[in-house]
Amino acid sequence: MESRVFVGLVALKNLRTDEFRFCCLASHVDECYPKADEFSSCEDLMSNIVLRICIWFLGVLALAGNIVVIVWRSI
């Protein structure tokens, strides 16, 4: 997503979007909806190496578990 999408809109005071991440891009806006909740964040969580490793680990674990189930059911 382009991080400078709201730069030229200095008169923008109220923003209503479908996703909270647009509020992160328009930090100069007075009111932005939807409001942040416990799951909303302006941080790029996938840039965190620990979270990336955890996601890869869970993906490989799920793949291995599915293969075990398929082999088990085939026998």
# chains A, B, ... in the order shown; residues from 1 in each chain; ligands from 1
call {"tool": "select_by_dssp", "arguments": {"residues": "chain A", "states": "helix (DSSP H, G or I)", "output": "number ranges by chain"}}
result
A: 21-25, 45-47, 49-74
call {"tool": "write_last_selection", "arguments": {"atoms": "N, CA and C atoms", "output": "short mmCIF file (atom, residue, chain, number, x, y, z; two decimals), in the first residue's frame"}}
result
data_model
loop_
_atom_site.label_atom_id
_atom_site.label_comp_id
_atom_site.auth_asym_id
_atom_site.auth_seq_id
_atom_site.Cartn_x
_atom_site.Cartn_y
_atom_site.Cartn_z
N ARG A 21 -6.30 0.26 9.01
CA ARG A 21 -4.96 0.56 8.51
C ARG A 21 -4.90 1.86 7.71
N PHE A 22 -6.03 2.30 7.14
CA PHE A 22 -6.04 3.58 6.45
C PHE A 22 -5.92 4.74 7.43
N CYS A 23 -6.40 4.54 8.64
CA CYS A 23 -6.25 5.57 9.68
C CYS A 23 -4.77 5.74 10.04
N CYS A 24 -4.00 4.70 9.93
CA CYS A 24 -2.56 4.79 10.19
C CYS A 24 -1.88 5.66 9.14
N LEU A 25 -2.36 5.57 7.91
CA LEU A 25 -1.77 6.35 6.82
C LEU A 25 -2.17 7.81 6.91
N LEU A 45 3.37 -5.98 11.47
CA LEU A 45 3.71 -7.13 12.32
C LEU A 45 4.57 -8.16 11.60
N MET A 46 4.47 -8.24 10.29
CA MET A 46 5.26 -9.23 9.57
C MET A 46 6.72 -8.82 9.44
N SER A 47 7.07 -7.60 9.80
CA SER A 47 8.47 -7.20 9.78
C SER A 47 9.20 -7.71 11.03
N ILE A 49 10.78 -10.41 13.12
CA ILE A 49 11.36 -11.71 12.78
C ILE A 49 10.80 -12.83 13.66
N VAL A 50 10.52 -12.56 14.93
CA VAL A 50 9.98 -13.58 15.83
C VAL A 50 8.59 -14.02 15.35
N LEU A 51 7.75 -13.07 14.97
CA LEU A 51 6.42 -13.42 14.48
C LEU A 51 6.49 -14.18 13.17
N ARG A 52 7.40 -13.80 12.29
CA ARG A 52 7.56 -14.53 11.03
C ARG A 52 7.97 -15.97 11.27
N ILE A 53 8.91 -16.18 12.19
CA ILE A 53 9.35 -17.54 12.51
C ILE A 53 8.20 -18.35 13.10
N CYS A 54 7.42 -17.74 13.97
CA CYS A 54 6.27 -18.44 14.57
C CYS A 54 5.24 -18.83 13.51
N ILE A 55 4.99 -17.95 12.57
CA ILE A 55 4.03 -18.26 11.51
C ILE A 55 4.55 -19.39 10.63
N TRP A 56 5.83 -19.35 10.27
CA TRP A 56 6.41 -20.45 9.49
C TRP A 56 6.36 -21.76 10.27
N PHE A 57 6.68 -21.71 11.55
CA PHE A 57 6.65 -22.91 12.37
C PHE A 57 5.24 -23.50 12.42
N LEU A 58 4.24 -22.66 12.65
CA LEU A 58 2.86 -23.15 12.69
C LEU A 58 2.42 -23.70 11.34
N GLY A 59 2.85 -23.07 10.25
CA GLY A 59 2.51 -23.57 8.92
C GLY A 59 3.11 -24.93 8.65
N VAL A 60 4.38 -25.10 8.97
CA VAL A 60 5.05 -26.40 8.76
C VAL A 60 4.43 -27.45 9.67
N LEU A 61 4.13 -27.09 10.91
CA LEU A 61 3.50 -28.03 11.84
C LEU A 61 2.12 -28.46 11.34
N ALA A 62 1.34 -27.52 10.82
CA ALA A 62 0.01 -27.85 10.28
C ALA A 62 0.14 -28.74 9.05
N LEU A 63 1.10 -28.44 8.18
CA LEU A 63 1.31 -29.28 7.00
C LEU A 63 1.70 -30.70 7.40
N ALA A 64 2.63 -30.83 8.33
CA ALA A 64 3.05 -32.16 8.79
C ALA A 64 1.88 -32.91 9.43
N GLY A 65 1.09 -32.21 10.23
CA GLY A 65 -0.08 -32.85 10.85
C GLY A 65 -1.09 -33.32 9.82
N ASN A 66 -1.33 -32.52 8.80
CA ASN A 66 -2.27 -32.93 7.74
C ASN A 66 -1.74 -34.13 6.96
N ILE A 67 -0.45 -34.15 6.70
CA ILE A 67 0.14 -35.30 5.99
C ILE A 67 0.00 -36.56 6.84
N VAL A 68 0.26 -36.47 8.14
CA VAL A 68 0.11 -37.62 9.03
C VAL A 68 -1.33 -38.12 9.02
N VAL A 69 -2.29 -37.23 9.07
CA VAL A 69 -3.70 -37.63 9.06
C VAL A 69 -4.06 -38.29 7.74
N ILE A 70 -3.60 -37.75 6.62
CA ILE A 70 -3.91 -38.34 5.30
C ILE A 70 -3.31 -39.73 5.20
N VAL A 71 -2.06 -39.89 5.63
CA VAL A 71 -1.42 -41.22 5.59
C VAL A 71 -2.12 -42.17 6.53
N TRP A 72 -2.46 -41.73 7.73
CA TRP A 72 -3.14 -42.56 8.71
C TRP A 72 -4.50 -43.03 8.19
N ARG A 73 -5.25 -42.12 7.58
CA ARG A 73 -6.57 -42.48 7.04
C ARG A 73 -6.45 -43.39 5.82
N SER A 74 -5.37 -43.27 5.07
CA SER A 74 -5.17 -44.13 3.90
C SER A 74 -4.86 -45.57 4.31
#
call {"tool": "closest_residue", "arguments": {"among": "A:Ala11, A:Ile75, A:Thr17, A:Arg4", "to": "A:Cys32", "atoms": "only C-alpha atoms"}}
result
A:Thr17
call {"tool": "atom_distance", "arguments": {"atom1": "atom CA of A:Gly8", "atom2": "atom CA of A:Ala36"}}
result
23.9 Å
call {"tool": "atom_distance", "arguments": {"atom1": "atom CA of A:Lys13", "atom2": "atom CA of A:His28"}}
result
7.9 Å
call {"tool": "select_by_dssp", "arguments": {"residues": "chain A", "states": "strand (DSSP E)", "output": "MDAnalysis selection string"}}
result
chainID A and resid 14:16 31:33
call {"tool": "residues_around", "arguments": {"residues": "A:Pro34", "least_positions_apart": "3", "cutoff": "7 Å", "atoms": "only C-alpha atoms", "output": "PyMOL selection string"}}
result
chain A and resi 16-17+19-20
